[in-house]
Amino acid sequence: MDSMWAHEHGDLVAEAARLLRERGGRMTAQRRAILEAFRSASEHPSAEELFAIASRGDPRLNLSTVYRTLRWLAKENLVREITFSEAGRSSRFDTARPAAHHHFVCTGCGAILEFDAAEVAALRRRMERRLRVQVDRSTLVLYGRCAACSQPAGKRSPG
Ligand SMILES: [Zn+2]
Ligand SMILES: [Zn+2]
């Protein structure tokens, strides 16, 4: 999948280790394996994909540990969760900085495209004024069909 932004997976382990030190938590071998799995995973991996990679080195790892670690990382803003709208489709995870970009999710093939939008920053400022709140982070997810999926079946290029 083409992307306008390079993802920085390299610092994820170091960032998580720093946070854990601050909070008195421990960087366990399983946590490290999950964090390192982001390096060889696709751009927006599912928990199952990360589990498949991380469990190669540790067969005792289970999916619920992966989910628990991902939820913690999301809470700490080290990863973002991109939720699919349809039932049965799991979330995907993104290690990009929170302010970096927004997503388009194709409900046909599951492709995820990234985009930037100055309008979202403007909307944030407007809502802060209107609702008298402070917005800490925001993400926009647009759902629809990608260029390939919205083409008539006969015109689709093979592959
Ligand atoms: Zn992304
Ligand atoms: Zn598609």
# chains A, B, ... in the order shown; residues from 1 in each chain; ligands from 1

$ closest_atom_pairs --of "chain A" --to "ligand 2" --cutoff "8 Å" --atoms "only C-alpha atoms and all ligand atoms" --output "tab-separated table"
residue	atom	partner	partner_atom_place_in_ligand_line	distance
A:Cys106	CA	ligand 2	1 (Zn)	4.7
A:Thr107	CA	ligand 2	1 (Zn)	6.6
A:Gly108	CA	ligand 2	1 (Zn)	4.6
A:Cys109	CA	ligand 2	1 (Zn)	4.0
A:Gly110	CA	ligand 2	1 (Zn)	6.0
A:Ala111	CA	ligand 2	1 (Zn)	5.5
A:Arg145	CA	ligand 2	1 (Zn)	5.3
A:Cys146	CA	ligand 2	1 (Zn)	4.2
A:Ala147	CA	ligand 2	1 (Zn)	6.7
A:Ala148	CA	ligand 2	1 (Zn)	5.7
A:Cys149	CA	ligand 2	1 (Zn)	4.3
A:Ser150	CA	ligand 2	1 (Zn)	7.4

$ write_last_selection --atoms "C-alpha atoms" --output "compact mmCIF listing (two decimals), in the first residue's frame"
# COMPACT_ATOMS: atom_id res chain seq x y z
CA CYS A 106 -11.70 0.45 2.15
CA THR A 107 -14.60 -1.70 3.31
CA GLY A 108 -14.20 -3.82 0.17
CA CYS A 109 -10.62 -5.06 0.45
CA GLY A 110 -9.44 -3.61 3.76
CA ALA A 111 -6.84 -1.32 2.18
CA ARG A 145 -14.41 1.81 -1.45
CA CYS A 146 -10.92 2.30 -2.87
CA ALA A 147 -10.28 3.01 -6.57
CA ALA A 148 -9.79 -0.68 -7.37
CA CYS A 149 -12.91 -1.80 -5.49
CA SER A 150 -15.16 0.87 -7.00

$ residues_around --residues "Leu140 in chain A" --least-positions-apart "2" --cutoff "9 Å" --atoms "only C-alpha atoms" --output "PyMOL selection string"
chain A and resi 101-104+120+138+142

$ select_by_dssp --residues "chain A" --states "helix (DSSP H, G or I)" --output "compact mmCIF listing (two decimals) with all heavy atoms, in the first residue's frame"
# COMPACT_ATOMS: atom_id res chain seq x y z
N LEU A 12 9.96 2.63 18.81
CA LEU A 12 8.84 2.15 19.62
C LEU A 12 9.29 1.40 20.87
O LEU A 12 8.78 1.64 21.96
CB LEU A 12 7.94 1.26 18.76
CG LEU A 12 6.58 0.89 19.35
CD1 LEU A 12 5.75 2.12 19.66
CD2 LEU A 12 5.82 -0.03 18.39
N VAL A 13 10.30 0.53 20.71
CA VAL A 13 10.79 -0.25 21.85
C VAL A 13 11.40 0.69 22.88
O VAL A 13 11.11 0.58 24.08
CB VAL A 13 11.83 -1.31 21.39
CG1 VAL A 13 12.36 -2.09 22.58
CG2 VAL A 13 11.21 -2.26 20.37
N ALA A 14 12.22 1.64 22.41
CA ALA A 14 12.87 2.57 23.33
C ALA A 14 11.85 3.46 24.05
O ALA A 14 11.96 3.69 25.26
CB ALA A 14 13.86 3.45 22.55
N GLU A 15 10.86 3.92 23.32
CA GLU A 15 9.82 4.78 23.91
C GLU A 15 9.02 4.03 24.97
O GLU A 15 8.71 4.57 26.03
CB GLU A 15 8.86 5.28 22.82
CG GLU A 15 9.46 6.36 21.96
CD GLU A 15 8.66 7.65 22.06
OE1 GLU A 15 7.91 7.79 23.06
OE2 GLU A 15 8.78 8.47 21.15
N ALA A 16 8.65 2.79 24.64
CA ALA A 16 7.89 1.98 25.58
C ALA A 16 8.73 1.67 26.82
O ALA A 16 8.23 1.72 27.95
CB ALA A 16 7.42 0.69 24.91
N ALA A 17 10.02 1.41 26.62
CA ALA A 17 10.92 1.11 27.74
C ALA A 17 11.03 2.32 28.66
O ALA A 17 11.00 2.19 29.90
CB ALA A 17 12.30 0.70 27.21
N ARG A 18 11.10 3.51 28.06
CA ARG A 18 11.20 4.74 28.85
C ARG A 18 9.93 4.93 29.69
O ARG A 18 9.99 5.23 30.88
CB ARG A 18 11.41 5.93 27.91
CG ARG A 18 11.67 7.26 28.61
CD ARG A 18 11.75 8.41 27.60
NE ARG A 18 10.58 8.52 26.74
CZ ARG A 18 9.41 9.03 27.13
NH1 ARG A 18 9.25 9.48 28.35
NH2 ARG A 18 8.39 9.09 26.29
N LEU A 19 8.77 4.73 29.06
CA LEU A 19 7.50 4.87 29.77
C LEU A 19 7.39 3.88 30.92
O LEU A 19 6.94 4.22 32.01
CB LEU A 19 6.33 4.66 28.81
CG LEU A 19 5.79 5.90 28.13
CD1 LEU A 19 4.79 5.50 27.05
CD2 LEU A 19 5.10 6.80 29.16
N LEU A 20 7.79 2.65 30.64
CA LEU A 20 7.71 1.61 31.67
C LEU A 20 8.61 1.95 32.85
O LEU A 20 8.23 1.76 34.01
CB LEU A 20 8.09 0.25 31.08
CG LEU A 20 7.01 -0.41 30.21
CD1 LEU A 20 7.60 -1.53 29.38
CD2 LEU A 20 5.86 -0.94 31.07
N ARG A 21 9.79 2.48 32.57
CA ARG A 21 10.70 2.89 33.65
C ARG A 21 10.06 3.96 34.51
O ARG A 21 10.09 3.90 35.73
CB ARG A 21 12.02 3.41 33.08
CG ARG A 21 13.10 2.36 32.92
CD ARG A 21 14.49 2.99 32.82
NE ARG A 21 14.58 4.03 31.80
CZ ARG A 21 14.77 3.78 30.49
NH1 ARG A 21 14.91 2.54 30.06
NH2 ARG A 21 14.84 4.76 29.62
N GLU A 22 9.44 4.95 33.83
CA GLU A 22 8.78 6.05 34.56
C GLU A 22 7.67 5.55 35.47
O GLU A 22 7.46 6.07 36.55
CB GLU A 22 8.14 7.02 33.56
CG GLU A 22 9.10 8.05 33.00
CD GLU A 22 8.43 8.94 31.96
OE1 GLU A 22 7.17 9.01 31.96
OE2 GLU A 22 9.15 9.53 31.17
N ARG A 23 6.92 4.54 35.00
CA ARG A 23 5.76 4.05 35.76
C ARG A 23 6.09 2.87 36.65
O ARG A 23 5.20 2.29 37.25
CB ARG A 23 4.65 3.61 34.80
CG ARG A 23 4.43 4.51 33.64
CD ARG A 23 3.32 5.51 33.91
NE ARG A 23 3.56 6.70 33.11
CZ ARG A 23 2.86 7.01 32.02
NH1 ARG A 23 1.87 6.26 31.65
NH2 ARG A 23 3.15 8.09 31.33
N ALA A 29 10.01 -9.88 28.18
CA ALA A 29 10.42 -10.41 26.88
C ALA A 29 9.23 -10.44 25.93
O ALA A 29 9.37 -10.17 24.73
CB ALA A 29 11.00 -11.81 27.06
N GLN A 30 8.03 -10.73 26.46
CA GLN A 30 6.85 -10.79 25.60
C GLN A 30 6.46 -9.41 25.10
O GLN A 30 6.12 -9.24 23.93
CB GLN A 30 5.68 -11.44 26.36
CG GLN A 30 5.95 -12.91 26.66
CD GLN A 30 4.69 -13.69 26.98
OE1 GLN A 30 3.73 -13.12 27.48
NE2 GLN A 30 4.70 -14.98 26.71
N ARG A 31 6.51 -8.41 25.98
CA ARG A 31 6.22 -7.04 25.53
C ARG A 31 7.20 -6.61 24.44
O ARG A 31 6.81 -6.02 23.44
CB ARG A 31 6.32 -6.06 26.71
CG ARG A 31 5.05 -6.01 27.54
CD ARG A 31 5.18 -5.03 28.67
NE ARG A 31 3.95 -4.99 29.45
CZ ARG A 31 3.87 -4.59 30.70
NH1 ARG A 31 4.95 -4.19 31.34
NH2 ARG A 31 2.72 -4.58 31.34
N ARG A 32 8.49 -6.91 24.67
CA ARG A 32 9.51 -6.54 23.69
C ARG A 32 9.24 -7.22 22.35
O ARG A 32 9.35 -6.59 21.29
CB ARG A 32 10.90 -6.90 24.21
CG ARG A 32 12.03 -6.55 23.27
CD ARG A 32 13.37 -6.92 23.87
NE ARG A 32 13.71 -6.03 25.00
CZ ARG A 32 14.29 -4.85 24.85
NH1 ARG A 32 14.61 -4.41 23.64
NH2 ARG A 32 14.57 -4.10 25.89
N ALA A 33 8.87 -8.49 22.39
CA ALA A 33 8.60 -9.24 21.15
C ALA A 33 7.44 -8.61 20.39
O ALA A 33 7.46 -8.52 19.15
CB ALA A 33 8.32 -10.70 21.49
N ILE A 34 6.41 -8.16 21.11
CA ILE A 34 5.24 -7.53 20.47
C ILE A 34 5.64 -6.20 19.84
O ILE A 34 5.27 -5.89 18.71
CB ILE A 34 4.09 -7.36 21.48
CG1 ILE A 34 3.59 -8.74 21.95
CG2 ILE A 34 2.95 -6.54 20.87
CD1 ILE A 34 2.79 -8.70 23.24
N LEU A 35 6.43 -5.41 20.58
CA LEU A 35 6.88 -4.12 20.06
C LEU A 35 7.76 -4.32 18.82
O LEU A 35 7.64 -3.59 17.84
CB LEU A 35 7.66 -3.37 21.14
CG LEU A 35 6.83 -2.92 22.35
CD1 LEU A 35 7.74 -2.57 23.52
CD2 LEU A 35 5.97 -1.73 21.97
N GLU A 36 8.65 -5.31 18.90
CA GLU A 36 9.55 -5.55 17.77
C GLU A 36 8.82 -6.11 16.56
O GLU A 36 9.27 -5.94 15.43
CB GLU A 36 10.70 -6.48 18.20
CG GLU A 36 11.73 -5.71 19.01
CD GLU A 36 12.83 -6.59 19.58
OE1 GLU A 36 12.68 -7.83 19.55
OE2 GLU A 36 13.83 -6.02 20.07
N ALA A 37 7.67 -6.73 16.79
CA ALA A 37 6.89 -7.30 15.68
C ALA A 37 6.42 -6.21 14.72
O ALA A 37 6.23 -6.46 13.53
CB ALA A 37 5.70 -8.08 16.22
N PHE A 38 6.26 -4.98 15.23
CA PHE A 38 5.84 -3.86 14.36
C PHE A 38 6.84 -3.63 13.24
O PHE A 38 6.49 -3.14 12.17
CB PHE A 38 5.69 -2.57 15.17
CG PHE A 38 4.31 -2.40 15.78
CD1 PHE A 38 4.08 -2.73 17.09
CD2 PHE A 38 3.26 -1.91 15.02
CE1 PHE A 38 2.82 -2.57 17.65
CE2 PHE A 38 2.00 -1.74 15.56
CZ PHE A 38 1.77 -2.08 16.88
N ARG A 39 8.12 -3.97 13.48
CA ARG A 39 9.16 -3.71 12.47
C ARG A 39 8.97 -4.54 11.22
O ARG A 39 9.21 -4.07 10.12
CB ARG A 39 10.55 -3.99 13.06
CG ARG A 39 10.98 -2.92 14.01
CD ARG A 39 12.38 -3.17 14.52
NE ARG A 39 12.63 -2.29 15.65
CZ ARG A 39 13.51 -2.53 16.59
NH1 ARG A 39 14.23 -3.63 16.56
NH2 ARG A 39 13.68 -1.68 17.57
N SER A 40 8.59 -5.79 11.40
CA SER A 40 8.45 -6.64 10.22
C SER A 40 6.99 -6.79 9.78
O SER A 40 6.72 -7.44 8.77
CB SER A 40 9.09 -8.02 10.47
OG SER A 40 8.84 -8.46 11.77
N ALA A 47 -3.93 -7.17 15.30
CA ALA A 47 -3.36 -7.84 16.47
C ALA A 47 -2.94 -9.26 16.11
O ALA A 47 -1.91 -9.75 16.57
CB ALA A 47 -4.38 -7.86 17.60
N GLU A 48 -3.73 -9.91 15.23
CA GLU A 48 -3.44 -11.29 14.83
C GLU A 48 -2.11 -11.37 14.07
O GLU A 48 -1.33 -12.29 14.25
CB GLU A 48 -4.57 -11.85 13.95
CG GLU A 48 -5.85 -12.17 14.70
CD GLU A 48 -6.68 -10.94 15.04
OE1 GLU A 48 -6.34 -9.82 14.56
OE2 GLU A 48 -7.66 -11.07 15.80
N GLU A 49 -1.88 -10.35 13.20
CA GLU A 49 -0.63 -10.35 12.45
C GLU A 49 0.57 -10.16 13.38
O GLU A 49 1.58 -10.86 13.26
CB GLU A 49 -0.65 -9.22 11.39
CG GLU A 49 0.62 -9.19 10.55
CD GLU A 49 0.64 -8.05 9.53
OE1 GLU A 49 -0.43 -7.44 9.28
OE2 GLU A 49 1.72 -7.76 9.01
N LEU A 50 0.44 -9.24 14.34
CA LEU A 50 1.52 -9.01 15.29
C LEU A 50 1.75 -10.25 16.14
O LEU A 50 2.89 -10.62 16.44
CB LEU A 50 1.18 -7.80 16.18
CG LEU A 50 1.16 -6.46 15.45
CD1 LEU A 50 0.50 -5.39 16.31
CD2 LEU A 50 2.56 -6.02 15.04
N PHE A 51 0.64 -10.90 16.51
CA PHE A 51 0.73 -12.14 17.29
C PHE A 51 1.48 -13.21 16.51
O PHE A 51 2.36 -13.90 17.06
CB PHE A 51 -0.68 -12.61 17.66
CG PHE A 51 -0.73 -13.99 18.24
CD1 PHE A 51 -0.18 -14.24 19.49
CD2 PHE A 51 -1.33 -15.02 17.54
CE1 PHE A 51 -0.23 -15.52 20.03
CE2 PHE A 51 -1.37 -16.30 18.07
CZ PHE A 51 -0.82 -16.55 19.32
N ALA A 52 1.15 -13.35 15.22
CA ALA A 52 1.80 -14.38 14.39
C ALA A 52 3.31 -14.15 14.34
O ALA A 52 4.09 -15.10 14.42
CB ALA A 52 1.21 -14.37 12.99
N ILE A 53 3.73 -12.88 14.23
CA ILE A 53 5.17 -12.58 14.16
C ILE A 53 5.83 -12.77 15.52
O ILE A 53 6.86 -13.43 15.64
CB ILE A 53 5.38 -11.13 13.66
CG1 ILE A 53 4.88 -10.99 12.22
CG2 ILE A 53 6.86 -10.74 13.75
CD1 ILE A 53 4.76 -9.56 11.74
N ALA A 54 5.21 -12.20 16.56
CA ALA A 54 5.82 -12.22 17.89
C ALA A 54 5.88 -13.63 18.48
O ALA A 54 6.81 -13.95 19.23
CB ALA A 54 5.07 -11.28 18.83
N SER A 55 4.91 -14.47 18.13
CA SER A 55 4.88 -15.80 18.73
C SER A 55 5.87 -16.77 18.08
O SER A 55 6.10 -17.85 18.59
CB SER A 55 3.46 -16.39 18.68
OG SER A 55 3.02 -16.50 17.35
N ARG A 56 6.48 -16.37 16.95
CA ARG A 56 7.52 -17.21 16.35
C ARG A 56 8.67 -17.43 17.32
O ARG A 56 9.21 -18.51 17.42
CB ARG A 56 8.08 -16.54 15.08
CG ARG A 56 7.30 -16.88 13.83
CD ARG A 56 7.92 -16.17 12.64
NE ARG A 56 6.90 -15.61 11.77
CZ ARG A 56 7.05 -14.51 11.06
NH1 ARG A 56 8.18 -13.82 11.11
NH2 ARG A 56 6.07 -14.06 10.30
N GLY A 57 9.03 -16.34 18.02
CA GLY A 57 10.14 -16.44 18.96
C GLY A 57 9.72 -16.93 20.34
O GLY A 57 10.56 -17.26 21.16
N LEU A 63 -2.72 -14.52 22.34
CA LEU A 63 -3.33 -13.35 21.68
C LEU A 63 -3.83 -12.32 22.69
O LEU A 63 -3.77 -11.12 22.43
CB LEU A 63 -4.46 -13.83 20.76
CG LEU A 63 -5.07 -12.80 19.81
CD1 LEU A 63 -4.02 -12.15 18.93
CD2 LEU A 63 -6.13 -13.47 18.92
N SER A 64 -4.31 -12.78 23.84
CA SER A 64 -4.83 -11.81 24.80
C SER A 64 -3.72 -10.92 25.37
O SER A 64 -3.94 -9.76 25.68
CB SER A 64 -5.63 -12.49 25.91
OG SER A 64 -4.83 -13.41 26.60
N THR A 65 -2.50 -11.47 25.48
CA THR A 65 -1.36 -10.65 25.91
C THR A 65 -1.06 -9.59 24.85
O THR A 65 -0.75 -8.44 25.18
CB THR A 65 -0.10 -11.53 26.13
OG1 THR A 65 -0.42 -12.54 27.09
CG2 THR A 65 1.07 -10.70 26.62
N VAL A 66 -1.19 -9.97 23.58
CA VAL A 66 -0.96 -9.02 22.50
C VAL A 66 -2.00 -7.90 22.58
O VAL A 66 -1.66 -6.72 22.51
CB VAL A 66 -1.01 -9.72 21.12
CG1 VAL A 66 -0.91 -8.71 19.99
CG2 VAL A 66 0.10 -10.76 21.01
N TYR A 67 -3.28 -8.27 22.75
CA TYR A 67 -4.34 -7.26 22.87
C TYR A 67 -4.10 -6.34 24.06
O TYR A 67 -4.27 -5.12 23.97
CB TYR A 67 -5.71 -7.93 23.00
CG TYR A 67 -6.35 -8.25 21.67
CD1 TYR A 67 -6.56 -9.56 21.27
CD2 TYR A 67 -6.73 -7.22 20.80
CE1 TYR A 67 -7.13 -9.85 20.04
CE2 TYR A 67 -7.29 -7.50 19.58
CZ TYR A 67 -7.50 -8.82 19.20
OH TYR A 67 -8.05 -9.09 17.98
N ARG A 68 -3.73 -6.93 25.19
CA ARG A 68 -3.51 -6.14 26.40
C ARG A 68 -2.37 -5.14 26.18
O ARG A 68 -2.47 -3.97 26.54
CB ARG A 68 -3.18 -7.08 27.57
CG ARG A 68 -3.58 -6.55 28.92
CD ARG A 68 -3.64 -7.62 30.00
NE ARG A 68 -2.51 -8.52 29.99
CZ ARG A 68 -2.60 -9.85 29.82
NH1 ARG A 68 -3.78 -10.41 29.65
NH2 ARG A 68 -1.53 -10.60 29.82
N THR A 69 -1.28 -5.61 25.55
CA THR A 69 -0.14 -4.73 25.28
C THR A 69 -0.53 -3.62 24.30
O THR A 69 -0.16 -2.46 24.48
CB THR A 69 1.04 -5.56 24.73
OG1 THR A 69 1.38 -6.56 25.69
CG2 THR A 69 2.25 -4.68 24.47
N LEU A 70 -1.30 -3.98 23.28
CA LEU A 70 -1.72 -2.97 22.28
C LEU A 70 -2.63 -1.93 22.92
O LEU A 70 -2.54 -0.74 22.61
CB LEU A 70 -2.42 -3.65 21.11
CG LEU A 70 -1.51 -4.47 20.18
CD1 LEU A 70 -2.34 -5.28 19.19
CD2 LEU A 70 -0.53 -3.56 19.45
N ARG A 71 -3.51 -2.37 23.81
CA ARG A 71 -4.40 -1.40 24.48
C ARG A 71 -3.59 -0.44 25.34
O ARG A 71 -3.86 0.76 25.39
CB ARG A 71 -5.44 -2.14 25.33
CG ARG A 71 -6.70 -2.51 24.55
CD ARG A 71 -7.85 -2.83 25.48
NE ARG A 71 -7.55 -3.97 26.32
CZ ARG A 71 -7.84 -5.24 25.99
NH1 ARG A 71 -8.43 -5.51 24.86
NH2 ARG A 71 -7.52 -6.23 26.80
N TRP A 72 -2.56 -0.98 26.01
CA TRP A 72 -1.71 -0.13 26.83
C TRP A 72 -0.96 0.87 25.94
O TRP A 72 -0.90 2.06 26.24
CB TRP A 72 -0.72 -0.98 27.64
CG TRP A 72 0.28 -0.17 28.38
CD1 TRP A 72 0.05 0.60 29.50
CD2 TRP A 72 1.66 0.03 28.05
NE1 TRP A 72 1.21 1.23 29.88
CE2 TRP A 72 2.20 0.91 29.03
CE3 TRP A 72 2.49 -0.47 27.05
CZ2 TRP A 72 3.54 1.30 28.99
CZ3 TRP A 72 3.82 -0.07 27.03
CH2 TRP A 72 4.34 0.81 27.99
N LEU A 73 -0.39 0.40 24.83
CA LEU A 73 0.33 1.27 23.90
C LEU A 73 -0.58 2.35 23.34
O LEU A 73 -0.17 3.50 23.17
CB LEU A 73 0.93 0.45 22.76
CG LEU A 73 2.09 -0.48 23.12
CD1 LEU A 73 2.38 -1.44 21.98
CD2 LEU A 73 3.34 0.34 23.47
N ALA A 74 -1.84 1.99 23.07
CA ALA A 74 -2.80 2.97 22.54
C ALA A 74 -3.11 4.02 23.60
O ALA A 74 -3.21 5.22 23.31
CB ALA A 74 -4.06 2.26 22.07
N LYS A 75 -3.28 3.58 24.84
CA LYS A 75 -3.58 4.49 25.94
C LYS A 75 -2.42 5.47 26.14
O LYS A 75 -2.64 6.64 26.46
CB LYS A 75 -3.81 3.68 27.22
CG LYS A 75 -4.50 4.45 28.32
CD LYS A 75 -4.82 3.55 29.49
CE LYS A 75 -3.93 3.81 30.60
NZ LYS A 75 -3.05 3.13 31.30
N ALA A 118 -5.50 19.74 6.56
CA ALA A 118 -5.44 20.96 7.37
C ALA A 118 -6.83 21.28 7.93
O ALA A 118 -6.96 21.92 8.97
CB ALA A 118 -4.92 22.12 6.52
N GLU A 119 -7.88 20.82 7.22
CA GLU A 119 -9.25 21.09 7.65
C GLU A 119 -9.52 20.50 9.04
O GLU A 119 -10.31 21.04 9.80
CB GLU A 119 -10.26 20.49 6.66
CG GLU A 119 -10.26 21.14 5.30
CD GLU A 119 -9.25 20.50 4.35
OE1 GLU A 119 -8.32 19.81 4.82
OE2 GLU A 119 -9.40 20.71 3.13
N VAL A 120 -8.88 19.38 9.34
CA VAL A 120 -9.12 18.74 10.64
C VAL A 120 -8.57 19.62 11.76
O VAL A 120 -9.21 19.80 12.80
CB VAL A 120 -8.52 17.32 10.69
CG1 VAL A 120 -8.71 16.71 12.08
CG2 VAL A 120 -9.17 16.44 9.64
N ALA A 121 -7.39 20.21 11.53
CA ALA A 121 -6.81 21.10 12.53
C ALA A 121 -7.72 22.32 12.72
O ALA A 121 -7.93 22.78 13.86
CB ALA A 121 -5.42 21.54 12.09
N ALA A 122 -8.28 22.82 11.62
CA ALA A 122 -9.18 23.98 11.71
C ALA A 122 -10.45 23.60 12.47
O ALA A 122 -10.95 24.38 13.29
CB ALA A 122 -9.53 24.47 10.30
N LEU A 123 -10.95 22.40 12.21
CA LEU A 123 -12.15 21.92 12.90
C LEU A 123 -11.90 21.78 14.40
O LEU A 123 -12.75 22.13 15.22
CB LEU A 123 -12.59 20.58 12.31
CG LEU A 123 -13.84 19.93 12.92
CD1 LEU A 123 -15.08 20.76 12.61
CD2 LEU A 123 -14.01 18.51 12.40
N ARG A 124 -10.72 21.28 14.74
CA ARG A 124 -10.35 21.15 16.16
C ARG A 124 -10.42 22.50 16.85
O ARG A 124 -11.00 22.63 17.93
CB ARG A 124 -8.92 20.61 16.29
CG ARG A 124 -8.82 19.13 16.12
CD ARG A 124 -7.37 18.71 16.12
NE ARG A 124 -6.70 18.94 17.40
CZ ARG A 124 -5.71 18.20 17.86
NH1 ARG A 124 -5.28 17.19 17.17
NH2 ARG A 124 -5.15 18.48 19.02
N ARG A 125 -9.79 23.51 16.22
CA ARG A 125 -9.77 24.85 16.83
C ARG A 125 -11.18 25.41 16.97
O ARG A 125 -11.53 26.02 17.98
CB ARG A 125 -8.89 25.79 15.99
CG ARG A 125 -7.39 25.50 16.14
CD ARG A 125 -6.55 26.63 15.55
NE ARG A 125 -6.71 26.74 14.11
CZ ARG A 125 -5.99 26.02 13.23
NH1 ARG A 125 -5.10 25.15 13.65
NH2 ARG A 125 -6.18 26.17 11.94
N ARG A 126 -12.01 25.17 15.92
CA ARG A 126 -13.38 25.67 15.97
C ARG A 126 -14.16 25.00 17.09
O ARG A 126 -14.90 25.65 17.82
CB ARG A 126 -14.06 25.41 14.62
CG ARG A 126 -15.14 26.40 14.32
CD ARG A 126 -15.46 26.46 12.84
NE ARG A 126 -16.17 25.29 12.39
CZ ARG A 126 -15.89 24.61 11.28
NH1 ARG A 126 -14.88 24.98 10.53
NH2 ARG A 126 -16.60 23.58 10.92
N MET A 127 -13.99 23.68 17.25
CA MET A 127 -14.71 22.95 18.29
C MET A 127 -14.22 23.33 19.69
O MET A 127 -14.99 23.35 20.63
CB MET A 127 -14.58 21.44 18.08
CG MET A 127 -15.39 20.94 16.91
SD MET A 127 -17.13 21.38 17.06
CE MET A 127 -17.53 21.88 15.40
N GLU A 128 -12.92 23.64 19.78
CA GLU A 128 -12.39 24.07 21.08
C GLU A 128 -13.07 25.36 21.52
O GLU A 128 -13.42 25.51 22.68
CB GLU A 128 -10.87 24.25 21.00
CG GLU A 128 -10.13 22.93 21.01
CD GLU A 128 -8.62 23.08 21.02
OE1 GLU A 128 -8.11 24.10 20.50
OE2 GLU A 128 -7.96 22.18 21.54
N ARG A 129 -13.24 26.26 20.54
CA ARG A 129 -13.91 27.52 20.87
C ARG A 129 -15.39 27.30 21.17
O ARG A 129 -15.91 27.77 22.16
CB ARG A 129 -13.77 28.52 19.71
CG ARG A 129 -12.41 29.18 19.65
CD ARG A 129 -12.43 30.41 18.75
NE ARG A 129 -12.85 30.10 17.40
CZ ARG A 129 -12.00 29.74 16.42
NH1 ARG A 129 -10.71 29.64 16.65
NH2 ARG A 129 -12.45 29.48 15.21
N ARG A 130 -16.05 26.54 20.28
CA ARG A 130 -17.50 26.37 20.41
C ARG A 130 -17.88 25.60 21.67
O ARG A 130 -18.83 25.95 22.36
CB ARG A 130 -18.04 25.64 19.18
CG ARG A 130 -19.56 25.55 19.19
CD ARG A 130 -20.09 24.75 18.04
NE ARG A 130 -19.78 25.38 16.75
CZ ARG A 130 -20.08 24.83 15.56
NH1 ARG A 130 -20.67 23.66 15.52
NH2 ARG A 130 -19.78 25.46 14.47
N LEU A 131 -17.14 24.52 21.96
CA LEU A 131 -17.50 23.66 23.10
C LEU A 131 -16.74 24.03 24.37
O LEU A 131 -16.95 23.44 25.41
CB LEU A 131 -17.24 22.19 22.75
CG LEU A 131 -17.94 21.65 21.49
CD1 LEU A 131 -17.44 20.24 21.18
CD2 LEU A 131 -19.45 21.66 21.64
N ALA A 153 -16.39 -4.81 -12.20
CA ALA A 153 -15.59 -6.03 -12.10
C ALA A 153 -14.78 -6.31 -13.37
O ALA A 153 -13.63 -6.71 -13.30
CB ALA A 153 -16.50 -7.22 -11.79
N GLY A 154 -15.38 -6.08 -14.56
CA GLY A 154 -14.70 -6.39 -15.82
C GLY A 154 -13.47 -5.54 -16.08
O GLY A 154 -12.58 -5.96 -16.79
N LYS A 155 -13.45 -4.34 -15.48
CA LYS A 155 -12.35 -3.42 -15.77
C LYS A 155 -11.18 -3.54 -14.82
O LYS A 155 -10.17 -2.87 -14.96
CB LYS A 155 -12.87 -1.97 -15.74
CG LYS A 155 -13.70 -1.63 -16.97
CD LYS A 155 -14.01 -0.15 -17.00
CE LYS A 155 -14.85 0.21 -18.21
NZ LYS A 155 -15.44 1.53 -18.08

$ closest_atom_pairs --of "chain A" --to "ligand 1" --cutoff "8 Å" --atoms "only C-alpha atoms and all ligand atoms" --output "Markdown table"
| residue | atom | partner | partner_atom_place_in_ligand_line | distance |
| --- | --- | --- | --- | --- |
| A:His7 | CA | ligand 1 | 1 (Zn) | 7.8 |
| A:Glu43 | CA | ligand 1 | 1 (Zn) | 7.1 |
| A:His44 | CA | ligand 1 | 1 (Zn) | 6.3 |
| A:Phe93 | CA | ligand 1 | 1 (Zn) | 7.9 |
| A:Asp94 | CA | ligand 1 | 1 (Zn) | 5.2 |
| A:Thr95 | CA | ligand 1 | 1 (Zn) | 7.4 |
| A:Ala96 | CA | ligand 1 | 1 (Zn) | 6.2 |
| A:His101 | CA | ligand 1 | 1 (Zn) | 6.5 |
| A:His102 | CA | ligand 1 | 1 (Zn) | 6.8 |
| A:His103 | CA | ligand 1 | 1 (Zn) | 6.3 |
| A:Ile112 | CA | ligand 1 | 1 (Zn) | 7.6 |
| A:Leu113 | CA | ligand 1 | 1 (Zn) | 7.4 |
| A:Glu114 | CA | ligand 1 | 1 (Zn) | 5.6 |

$ atom_distance --atom1 "CA of Ser46 in chain A" --atom2 "CA of Asp136 in chain A"
25.1 Å

$ atom_distance --atom1 "CA of Arg26 in chain A" --atom2 "CA of Ser42 in chain A"
26.7 Å

$ atom_distance --atom1 "CA of Val105 in chain A" --atom2 "CA of Asn77 in chain A"
20.7 Å

$ select_by_dssp --residues "chain A" --states "strand (DSSP E or B)" --output "MDAnalysis selection string"
chainID A and resid 46 80:82 92:94 102:106 112:115 141:144

$ closest_residue --among "A:Ile82, A:Leu61, A:Val135, A:Met27" --to "Pro45 in chain A" --atoms "only C-alpha atoms"
A:Ile82

$ decode --residues "range 131-142 of chain A" --atoms "C-alpha atoms" --output "PDB file, in the first residue's frame"
ATOM      1  CA  LEU A 131     -17.498  23.664  23.097  1.00  0.00           C
ATOM      2  CA  ARG A 132     -14.946  25.394  25.353  1.00  0.00           C
ATOM      3  CA  VAL A 133     -12.848  22.259  25.509  1.00  0.00           C
ATOM      4  CA  GLN A 134      -9.219  21.417  24.907  1.00  0.00           C
ATOM      5  CA  VAL A 135      -8.660  18.790  22.220  1.00  0.00           C
ATOM      6  CA  ASP A 136      -5.558  16.695  22.882  1.00  0.00           C
ATOM      7  CA  ARG A 137      -5.667  14.470  19.836  1.00  0.00           C
ATOM      8  CA  SER A 138      -7.912  13.691  16.946  1.00  0.00           C
ATOM      9  CA  THR A 139      -8.142  11.212  14.151  1.00  0.00           C
ATOM     10  CA  LEU A 140     -10.412  11.075  11.152  1.00  0.00           C
ATOM     11  CA  VAL A 141     -11.348   7.758   9.564  1.00  0.00           C
ATOM     12  CA  LEU A 142     -13.210   7.791   6.263  1.00  0.00           C
TER      13      LEU A 142
END
